[in-house]
$ cat start14.cif   # mmCIF, C-alpha atoms
data_query
loop_
_atom_site.label_atom_id
_atom_site.label_comp_id
_atom_site.auth_asym_id
_atom_site.auth_seq_id
_atom_site.Cartn_x
_atom_site.Cartn_y
_atom_site.Cartn_z
CA MET A 1 -74.07 -60.82 134.82
CA GLY A 2 -70.40 -59.98 135.25
CA LYS A 3 -69.72 -61.07 131.68
CA PHE A 4 -72.60 -58.89 130.45
CA PHE A 5 -71.21 -55.77 132.13
CA LYS A 6 -67.70 -56.65 130.92
CA LYS A 7 -69.00 -56.79 127.35
CA VAL A 8 -70.84 -53.49 127.80
CA GLY A 9 -67.67 -51.93 129.26
CA VAL A 10 -65.57 -53.23 126.37
CA GLY A 11 -68.17 -51.81 123.97
CA PHE A 12 -67.98 -48.42 125.67
CA LEU A 13 -64.17 -48.43 125.48
CA VAL A 14 -64.24 -49.40 121.81
CA VAL A 15 -66.68 -46.56 121.05
CA VAL A 16 -64.41 -44.09 122.86
CA LEU A 17 -61.22 -45.42 121.22
CA LEU A 18 -62.76 -46.04 117.78
CA PRO A 19 -61.21 -42.93 116.12
CA PHE A 20 -57.74 -43.98 117.30
CA ILE A 21 -58.28 -47.60 116.24
CA ALA A 22 -59.50 -46.45 112.82
CA ALA A 23 -56.55 -44.06 112.44
CA ALA A 24 -54.07 -46.80 113.38
CA TYR A 25 -55.68 -49.19 110.90
CA ILE A 26 -55.61 -46.60 108.09
CA LEU A 27 -51.93 -45.85 108.76
CA PHE A 28 -51.14 -49.56 108.72
CA ALA A 29 -53.16 -49.98 105.48
CA VAL A 30 -51.06 -47.22 103.84
CA TYR A 31 -47.89 -48.96 105.05
CA ALA A 32 -49.21 -52.30 103.73
CA VAL A 33 -49.95 -50.87 100.28
CA LEU A 34 -46.47 -49.30 100.10
CA LYS A 35 -44.97 -52.60 101.22
CA PHE A 36 -46.94 -54.39 98.50
CA ILE A 37 -45.52 -52.05 95.85
CA ILE A 38 -41.96 -52.69 97.12
CA LEU A 39 -42.62 -56.44 97.19
CA TRP A 40 -43.98 -56.26 93.67
CA PHE A 41 -40.68 -54.76 92.46
CA ILE A 42 -38.72 -57.39 94.40
CA ALA A 43 -40.88 -60.14 92.86
CA LEU A 44 -40.32 -58.64 89.40
CA SER A 45 -36.55 -58.54 89.86
CA LYS A 46 -36.57 -62.13 91.14
CA PHE A 47 -38.66 -63.20 88.14
CA PHE A 48 -35.98 -61.96 85.74
CA ILE A 49 -33.27 -64.01 87.47
CA GLY A 50 -35.45 -67.12 87.36
CA GLU A 51 -36.56 -67.13 90.98
CA LYS A 52 -39.84 -66.65 92.79
CA ILE A 53 -40.59 -64.53 95.83
CA THR A 54 -42.62 -67.44 97.20
CA ASP A 55 -39.68 -69.89 97.02
CA PRO A 56 -38.80 -71.45 100.38
CA LEU A 57 -35.93 -69.87 102.29
CA ASP A 58 -32.58 -71.58 102.86
CA ILE A 59 -33.44 -72.09 106.52
CA ASP A 60 -36.65 -73.91 105.48
CA ARG A 61 -34.70 -76.20 103.16
CA LYS A 62 -32.16 -76.95 105.88
CA ALA A 63 -34.91 -77.65 108.39
CA ALA A 64 -36.73 -79.91 105.94
CA ASN A 65 -33.49 -81.84 105.25
CA LEU A 66 -32.88 -82.25 108.97
CA PHE A 67 -36.36 -83.67 109.49
CA GLU A 68 -36.00 -85.95 106.49
CA GLN A 69 -32.71 -87.33 107.83
CA GLU A 70 -34.22 -87.86 111.26
CA HIS A 71 -37.19 -89.63 109.72
CA GLU A 72 -34.93 -91.94 107.70
CA ASN A 73 -32.85 -92.75 110.78
CA LYS A 74 -35.94 -93.63 112.75
CA LYS A 75 -37.30 -95.84 110.03
CA ALA A 76 -36.63 -99.53 110.92
CA PRO A 77 -35.19 -101.84 108.18
CA VAL A 78 -38.03 -103.73 106.60
CA THR A 79 -37.46 -107.53 106.52
CA ALA A 80 -39.49 -109.86 104.34
CA PRO A 81 -41.57 -112.42 106.28
CA GLU A 82 -40.01 -115.91 106.30
CA SER A 83 -41.70 -118.61 104.27
CA GLY A 84 -40.96 -122.11 102.96
CA LYS A 85 -39.58 -125.34 104.41
CA PHE A 86 -36.99 -123.82 106.75
CA ALA A 87 -39.08 -120.85 107.97
CA GLY A 88 -38.07 -119.93 111.49
CA ALA A 89 -35.09 -122.31 111.56
CA THR A 90 -31.66 -121.17 112.78
CA ILE A 91 -28.93 -121.90 110.27
CA ASN A 92 -25.35 -121.60 111.43
CA ILE A 93 -22.83 -120.95 108.72
CA TYR A 94 -19.16 -121.46 109.50
CA SER A 95 -16.41 -120.04 107.43
CA ASN A 96 -12.63 -120.07 107.68
CA LYS A 97 -12.47 -116.72 106.05
CA GLU A 98 -11.92 -113.74 108.25
CA ILE A 99 -15.12 -111.73 108.64
CA ASP A 100 -13.20 -108.52 108.94
CA GLU A 101 -9.88 -108.84 107.22
CA ASP A 102 -8.64 -105.52 108.52
CA PHE A 103 -9.23 -106.59 112.10
CA LYS A 104 -5.97 -107.17 114.01
CA ARG A 105 -6.35 -110.00 116.46
CA PRO A 106 -4.32 -109.99 119.67
CA PRO A 107 -1.28 -112.32 119.52
CA SER A 108 -2.00 -115.87 120.75
CA HIS A 109 0.55 -118.33 122.18
CA PHE A 110 -0.94 -121.10 120.02
CA GLU A 111 0.41 -119.35 116.98
CA ASN A 112 3.99 -119.54 118.33
CA ILE A 113 4.37 -123.38 118.67
CA ASN A 114 7.73 -124.73 117.51
CA ASN A 115 6.99 -127.15 114.65
CA THR A 116 10.54 -128.39 114.09
CA ILE A 117 11.44 -131.79 115.70
CA ASP A 118 15.04 -132.37 116.67
CA ALA A 119 16.98 -135.47 118.01
CA LYS A 120 16.18 -134.65 121.61
CA ASP A 121 12.47 -134.74 120.84
CA ILE A 122 12.77 -138.13 119.06
CA LYS A 123 14.59 -139.56 122.08
CA GLU A 124 11.85 -138.35 124.42
CA ILE A 125 9.12 -139.81 122.19
CA GLU A 126 10.91 -143.22 122.08
CA GLN A 127 11.21 -143.25 125.88
CA TYR A 128 7.53 -142.35 126.22
CA GLU A 129 6.49 -145.11 123.81
CA THR A 130 8.59 -147.83 125.53
CA ARG A 131 7.08 -146.83 128.90
CA LEU A 132 3.64 -147.04 127.43
CA LEU A 133 4.32 -150.51 125.93
CA ASP A 134 5.77 -151.78 129.23
CA SER A 135 2.71 -150.72 131.14
CA LYS A 136 0.45 -152.45 128.56
CA ASN A 137 2.50 -155.70 128.79
CA GLU A 138 2.23 -155.71 132.57
CA HIS A 139 -1.50 -155.33 132.30
CA VAL A 140 -1.77 -158.36 129.89
CA VAL A 141 0.45 -160.57 132.17
CA ASN A 142 -1.75 -159.78 135.16
CA GLU A 143 -4.87 -160.73 133.23
CA VAL A 144 -3.32 -164.17 132.22
CA GLU A 145 -2.33 -164.88 135.80
CA ASP A 146 -5.88 -164.17 136.97
CA ASP A 147 -7.29 -166.65 134.44
CA MET B 148 -80.27 -33.12 139.25
CA ILE B 149 -82.94 -34.54 141.58
CA ASN B 150 -85.12 -31.45 140.95
CA ILE B 151 -84.90 -32.00 137.20
CA LEU B 152 -85.93 -35.65 137.62
CA LEU B 153 -88.85 -34.62 139.87
CA LYS B 154 -90.10 -32.15 137.28
CA LEU B 155 -90.11 -34.86 134.53
CA SER B 156 -93.38 -36.37 133.53
CA GLU B 157 -93.94 -40.12 133.52
CA THR B 158 -93.57 -40.23 129.71
CA ASP B 159 -90.20 -38.43 129.87
CA LYS B 160 -88.94 -40.88 132.50
CA ARG B 161 -89.96 -43.82 130.32
CA LEU B 162 -88.26 -42.20 127.34
CA ILE B 163 -85.03 -41.70 129.32
CA LEU B 164 -85.13 -45.32 130.46
CA ALA B 165 -85.69 -46.48 126.88
CA ILE B 166 -82.77 -44.38 125.60
CA PHE B 167 -80.55 -45.70 128.42
CA LEU B 168 -81.43 -49.29 127.52
CA ILE B 169 -80.78 -48.62 123.83
CA VAL B 170 -77.37 -47.15 124.65
CA ILE B 171 -76.52 -50.21 126.81
CA LEU B 172 -77.65 -52.47 123.96
CA LEU B 173 -75.51 -50.54 121.48
CA PHE B 174 -72.46 -50.86 123.75
CA LEU B 175 -73.17 -54.58 124.10
CA ILE B 176 -73.38 -55.00 120.33
CA VAL B 177 -70.13 -53.06 119.86
CA GLY B 178 -68.50 -55.23 122.55
CA LEU B 179 -69.63 -58.39 120.78
CA ILE B 180 -68.37 -57.05 117.43
CA TYR B 181 -65.02 -56.31 119.09
CA ASP B 182 -64.90 -59.86 120.49
CA SER B 183 -65.58 -61.35 117.06
CA PHE B 184 -62.86 -59.18 115.51
CA ALA B 185 -60.42 -60.21 118.25
CA HIS B 186 -61.27 -63.86 117.56
CA ILE B 187 -60.78 -63.43 113.79
CA MET B 188 -57.45 -61.63 114.32
CA ASP B 189 -56.32 -64.37 116.70
CA LYS B 190 -57.07 -67.02 114.08
CA GLN B 191 -55.38 -65.02 111.32
CA GLY B 192 -52.31 -64.50 113.52
CA LYS B 193 -51.91 -68.27 113.99
CA LYS B 194 -50.84 -68.47 110.32
CA ILE B 195 -47.40 -67.23 111.37
CA ASP B 196 -47.15 -70.19 113.77
CA ALA B 197 -47.68 -72.53 110.84
CA LEU B 198 -45.12 -70.68 108.72
CA MET B 199 -42.46 -70.66 111.45
CA SER B 200 -43.05 -74.08 113.01
CA LEU B 201 -40.51 -75.95 110.84
CA PRO B 202 -37.48 -73.68 111.41
CA ILE B 203 -38.33 -73.35 115.11
CA ALA B 204 -38.80 -77.11 115.62
CA SER B 205 -35.53 -77.87 113.85
CA GLY B 206 -33.70 -75.55 116.26
CA LEU B 207 -32.08 -73.55 113.47
CA ILE B 208 -33.36 -70.23 114.81
CA MET B 209 -31.10 -69.19 117.63
CA GLY B 210 -32.31 -65.74 118.64
CA ARG B 211 -35.08 -63.18 118.76
CA LYS B 212 -33.55 -61.00 116.04
CA GLN B 213 -33.21 -63.89 113.59
CA PHE B 214 -36.75 -65.04 114.38
CA LYS B 215 -38.19 -61.58 113.76
CA LYS B 216 -36.29 -61.16 110.50
CA ILE B 217 -37.45 -64.48 109.04
CA ALA B 218 -41.00 -64.17 110.39
CA HIS B 219 -41.41 -60.65 108.97
CA TYR B 220 -40.14 -61.80 105.58
CA LYS B 221 -42.57 -64.73 105.54
CA ASN B 222 -45.39 -62.45 106.68
CA ASP B 223 -44.62 -60.02 103.85
CA VAL B 224 -44.56 -62.82 101.28
CA GLN B 225 -47.87 -64.19 102.60
CA PHE B 226 -49.40 -60.70 102.36
CA TYR B 227 -48.02 -60.30 98.83
CA LYS B 228 -49.57 -63.62 97.79
CA THR B 229 -53.05 -62.82 99.12
CA PHE B 230 -53.12 -59.13 98.26
CA SER B 231 -52.00 -59.77 94.66
CA ARG B 232 -55.18 -61.83 94.17
CA ILE B 233 -57.26 -58.87 95.35
CA ILE B 234 -55.34 -56.58 93.01
CA ALA B 235 -55.92 -58.99 90.11
CA LEU B 236 -59.66 -59.03 90.85
CA LEU B 237 -59.63 -55.23 91.10
CA ALA B 238 -57.93 -55.04 87.70
CA VAL B 239 -60.62 -57.30 86.19
CA ALA B 240 -63.35 -55.14 87.75
CA GLY B 241 -61.61 -51.98 86.48
CA VAL B 242 -61.41 -53.31 82.92
CA LEU B 243 -65.09 -54.33 83.00
CA HIS B 244 -66.01 -50.92 84.40
CA LEU B 245 -64.05 -49.19 81.62
CA ILE B 246 -65.72 -51.28 78.89
CA TYR B 247 -69.16 -50.67 80.43
CA PHE B 248 -68.45 -46.93 80.71
CA LEU B 249 -67.28 -46.69 77.07
CA VAL B 250 -70.30 -48.62 75.78
CA MET B 251 -72.79 -46.54 77.80
CA GLU B 252 -71.18 -43.16 77.10
CA TYR B 253 -70.31 -43.54 73.41
CA VAL B 254 -72.73 -46.19 72.07
CA PHE B 255 -75.97 -45.60 74.01
CA ILE B 256 -75.08 -42.01 75.02
CA ILE B 257 -76.40 -42.49 78.58
CA PRO B 258 -74.54 -40.82 81.47
CA LEU B 259 -73.19 -43.55 83.73
CA ASN B 260 -73.34 -43.69 87.51
CA ILE B 261 -72.81 -47.28 88.66
CA TRP B 262 -73.90 -46.50 92.26
CA GLY B 263 -76.97 -44.40 91.28
CA THR B 264 -80.68 -45.15 91.61
CA GLU B 265 -81.51 -44.44 87.94
CA ASN B 266 -79.25 -46.80 86.01
CA GLY B 267 -76.84 -47.95 88.68
CA PHE B 268 -76.59 -50.69 91.29
CA ALA B 269 -78.94 -48.87 93.72
CA THR B 270 -81.86 -49.75 91.46
CA ILE B 271 -81.97 -53.19 93.09
CA LEU B 272 -81.77 -51.76 96.62
CA TYR B 273 -84.14 -49.95 98.95
CA THR B 274 -83.23 -46.24 99.03
CA PHE B 275 -84.33 -44.06 101.95
CA ASP B 276 -84.75 -40.30 101.99
CA TRP B 277 -82.29 -39.69 104.82
CA ALA B 278 -82.20 -35.93 104.10
CA ASN B 279 -85.85 -35.51 105.06
CA ILE B 280 -86.01 -37.90 108.01
CA PRO B 281 -88.88 -37.15 110.48
CA THR B 282 -87.55 -35.53 113.66
CA ALA B 283 -88.84 -34.50 117.11
CA SER B 284 -87.54 -32.11 119.75
CA PHE B 285 -86.29 -33.72 122.99
CA PHE B 286 -84.69 -31.60 125.77
CA GLY B 287 -83.79 -29.00 123.13
CA LEU B 288 -82.26 -31.62 120.84
CA THR B 289 -83.66 -32.48 117.41
CA LEU B 290 -83.66 -36.26 117.14
CA PRO B 291 -85.08 -38.63 114.48
CA ASN B 292 -88.31 -40.24 115.62
CA ASP B 293 -89.29 -42.38 112.63
CA TRP B 294 -87.91 -44.20 109.56
CA PRO B 295 -87.33 -41.97 106.49
CA ALA B 296 -89.52 -42.24 103.40
CA ILE B 297 -88.56 -44.79 100.73
CA ILE B 298 -87.37 -43.19 97.48
CA ASN B 299 -86.62 -46.36 95.55
CA ARG B 300 -87.86 -49.93 95.76
CA PRO B 301 -85.80 -52.76 94.18
CA HIS B 302 -86.44 -53.10 90.46
CA PHE B 303 -84.47 -54.41 87.49
CA VAL B 304 -83.12 -51.91 84.89
CA LEU B 305 -81.52 -53.28 81.73
CA GLU B 306 -79.13 -50.33 81.30
CA ALA B 307 -77.73 -51.02 84.80
CA ILE B 308 -76.76 -54.62 84.02
CA GLY B 309 -73.05 -53.75 83.91
CA SER B 310 -73.19 -52.13 87.33
CA TYR B 311 -74.80 -55.33 88.74
CA VAL B 312 -71.53 -57.09 87.84
CA VAL B 313 -68.98 -54.37 88.50
CA VAL B 314 -70.28 -53.11 91.87
CA PRO B 315 -70.27 -56.55 93.61
CA LEU B 316 -66.72 -57.06 92.29
CA TYR B 317 -65.66 -53.73 93.83
CA VAL B 318 -67.38 -54.66 97.11
CA ILE B 319 -65.60 -58.05 97.17
CA CYS B 320 -62.28 -56.27 96.51
CA MET B 321 -62.93 -53.78 99.32
CA PHE B 322 -63.91 -56.50 101.79
CA GLY B 323 -61.04 -58.76 100.68
CA GLY B 324 -58.54 -55.92 100.92
CA PHE B 325 -59.79 -55.00 104.38
CA MET B 326 -59.51 -58.60 105.58
CA THR B 327 -56.08 -59.11 103.97
CA ILE B 328 -54.67 -56.01 105.63
CA LEU B 329 -56.28 -57.07 108.91
CA ALA B 330 -54.62 -60.49 108.58
CA TYR B 331 -51.28 -58.81 107.85
CA LEU B 332 -51.71 -56.69 110.97
CA SER B 333 -52.72 -59.74 113.04
CA ARG B 334 -49.66 -61.70 111.93
CA THR B 335 -47.39 -58.72 112.65
CA ILE B 336 -48.77 -58.49 116.19
CA ARG B 337 -48.38 -62.25 116.58
CA ILE B 338 -44.69 -62.05 115.53
CA TYR B 339 -43.94 -59.61 118.36
CA LYS B 340 -45.90 -61.76 120.83
CA LEU B 341 -44.08 -64.95 119.77
CA ALA B 342 -40.66 -63.27 119.82
CA ASN B 343 -41.28 -62.22 123.41
CA LEU B 344 -42.67 -65.62 124.34
CA LEU B 345 -40.07 -67.88 122.70
CA PHE B 346 -36.91 -65.92 123.40
CA SER B 347 -37.72 -64.53 126.80
CA SER B 348 -35.52 -65.09 129.86
CA ASP B 349 -38.67 -65.41 131.98
CA LEU B 350 -39.02 -69.06 132.98
CA THR B 351 -42.54 -68.78 134.44
CA ASN B 352 -44.23 -70.46 131.52
CA LYS B 353 -41.27 -72.52 130.29
CA ARG B 354 -41.53 -76.30 130.52
CA ILE B 355 -38.17 -77.65 131.65
CA HIS B 356 -37.06 -81.20 132.46
CA ASP B 357 -37.38 -81.92 136.16
CA PHE B 358 -34.75 -84.38 137.39
CA SER B 359 -35.23 -83.61 141.08
CA ALA B 360 -36.98 -86.94 141.74
CA LEU B 361 -33.90 -88.95 140.73
CA GLU B 362 -32.04 -88.42 144.00
CA GLN B 363 -35.02 -88.81 146.29
CA ASN B 364 -36.07 -91.59 148.64
CA LYS B 365 -38.80 -93.94 147.55
CA ASN B 366 -41.58 -94.38 150.08
CA VAL B 367 -43.24 -97.76 150.88
CA SER B 368 -46.15 -96.70 148.72
CA GLY B 369 -43.77 -96.20 145.80
CA ILE B 370 -44.18 -92.45 145.80
CA ASN B 371 -41.01 -90.40 145.69
CA VAL B 372 -40.49 -88.37 148.81
CA PRO B 373 -38.04 -85.47 148.79
CA GLN B 374 -35.03 -86.07 151.03
CA ASP B 375 -35.57 -83.04 153.21
CA VAL B 376 -39.09 -84.19 154.16
CA ALA B 377 -38.47 -87.95 154.23
CA PRO B 378 -40.25 -89.62 157.21
CA SER B 379 -37.05 -91.00 158.80
CA GLN B 380 -35.35 -87.62 158.77
CA SER B 381 -38.41 -85.68 159.90
CA LYS B 382 -38.82 -88.08 162.85
CA ASN B 383 -35.21 -87.59 163.87
CA ASN B 384 -35.64 -83.87 163.72
#
$ encode --input "start14.cif" --output "structure tokens"
Amino acid sequence: MGKFFKKVGVGFLVVVLLPFIAAAYILFAVYAVLKFIILWFIALSKFFIGEKITDPLDIDRKAANLFEQEHENKKAPVTAPESGKFAGATINIYSNKEIDEDFKRPPSHFENINNTIDAKDIKEIEQYETRLLDSKNEHVVNEVEDD
Amino acid sequence: MINILLKLSETDKRLILAIFLIVILLFLIVGLIYDSFAHIMDKQGKKIDALMSLPIASGLIMGRKQFKKIAHYKNDVQFYKTFSRIIALLAVAGVLHLIYFLVMEYVFIIPLNIWGTENGFATILYTFDWANIPTASFFGLTLPNDWPAIINRPHFVLEAIGSYVVVPLYVICMFGGFMTILAYLSRTIRIYKLANLLFSSDLTNKRIHDFSALEQNKNVSGINVPQDVAPSQSKNN
């Protein structure tokens, strides 16, 4: 019932305000027709420079590019499904070649070993070898005695 | 007022009641027509949402002024596109009308009136004699009390064949033009509404991210409880 009276009230208001509504519409229609004439001249001038009035604006192009970039970024790389004898197998490939040649590794102490052998080193090696042989001989003598 | 009502006969009272009901019905019909127009305008205005959704969603429009400028330009272009079709149809109707006029006036030498009842479009319509409508006197007012007499019943006239084509074209142009201008008006109103809605400092209807739950205690039930009303604190207080 409330809706009914609301509709009737709106109808009454529209009847009362109808001349003003009609006048406003007519004024806007005159403005629209004038605007159309101006737009027609603009469209004509654009036609002669090889453009169209209906062409998208720069802001539309920028927005479309932005969305396209976002879409491409979101798109996951498509990998072909594995097939054949080694499908699903893990294959480790080792290479001596640097993966990233421009990468600067931190200095390691293994790279700074002295490769040159002098007389002192030879003397130490001989002493080490004689000690080793002596210990082996002792071990053999002990075994003979046990037998 | 009460004296006047007491003096009225039963027939007069019934007549007043009938007139009152008719007036209410007329207001109701006007209200419903207004509602349908409001609905149509609302739908037409949504076109601007579609036109502006891409720049708005991309965040390239930074302010109300920029929004209005771009939206008005797009609205104008949309109006130009639709109204130019109406103008093209009007031009076609005008050319046909001119040809029909020249043929009738100079070949058949028949005076042309495309809206007339003799050789115009009104030959296929009912025509009433509104000038001599039956009337009756009611409280000193002369009011119509019956339908007017019928002057013309629908019938086909060969000479009016051009008007059967041209008049509907003119009617379509008039209706199309009315609707196009109404759509232009609806979109213009919508631009002002959107500008106020999107670039307003009023946060009532704005949806913002609520991070308040991050720093709150979690209850045994798993429901976040604000720190100031947490059970441990409220008990202490």
$ resolve_selection --input "start14.cif" --expression "the PyMOL selection byres ((chain A) within 9 of (chain B))" --output "MDAnalysis selection string"
chainID A and resid 4:15 25 28:29 32:33 35:36 39:40 53:54 57 59:60 62:64 66:67
$ atom_distance --input "start14.cif" --atom1 "atom CA of Leu34 of chain A" --atom2 "atom CA of Met188 of chain B"
21.8 Å
$ residues_around --input "start14.cif" --residues "Ala218 of chain B" --least-positions-apart "5" --cutoff "10 Å" --atoms "all atoms listed in the file" --output "PyMOL selection string"
chain B and resi 195-196+198-199+212-213+223-224+334-335+337-339+341-342
$ atom_distance --input "start14.cif" --atom1 "atom CA of Phe285 of chain B" --atom2 "atom CA of Ile166 of chain B"
11.5 Å
$ atom_distance --input "start14.cif" --atom1 "atom CA of Leu162 of chain B" --atom2 "atom CA of Lys3 of chain A"
26.8 Å
$ residues_around --input "start14.cif" --residues "segment 256-259 of chain B" --least-positions-apart "4" --cutoff "12 Å" --atoms "all atoms listed in the file" --output "tab-separated table (two decimals) with C-alpha atoms, keeping the file's coordinate frame"
chain	number	residue	atom	x	y	z
B	244	HIS	CA	-66.01	-50.92	84.40
B	245	LEU	CA	-64.05	-49.19	81.62
B	246	ILE	CA	-65.72	-51.28	78.89
B	247	TYR	CA	-69.16	-50.67	80.43
B	248	PHE	CA	-68.45	-46.93	80.71
B	249	LEU	CA	-67.28	-46.69	77.07
B	250	VAL	CA	-70.30	-48.62	75.78
B	251	MET	CA	-72.79	-46.54	77.80
B	252	GLU	CA	-71.18	-43.16	77.10
B	263	GLY	CA	-76.97	-44.40	91.28
B	264	THR	CA	-80.68	-45.15	91.61
B	265	GLU	CA	-81.51	-44.44	87.94
B	266	ASN	CA	-79.25	-46.80	86.01
B	267	GLY	CA	-76.84	-47.95	88.68
B	268	PHE	CA	-76.59	-50.69	91.29
B	306	GLU	CA	-79.13	-50.33	81.30
B	307	ALA	CA	-77.73	-51.02	84.80
B	308	ILE	CA	-76.76	-54.62	84.02
B	309	GLY	CA	-73.05	-53.75	83.91
B	310	SER	CA	-73.19	-52.13	87.33
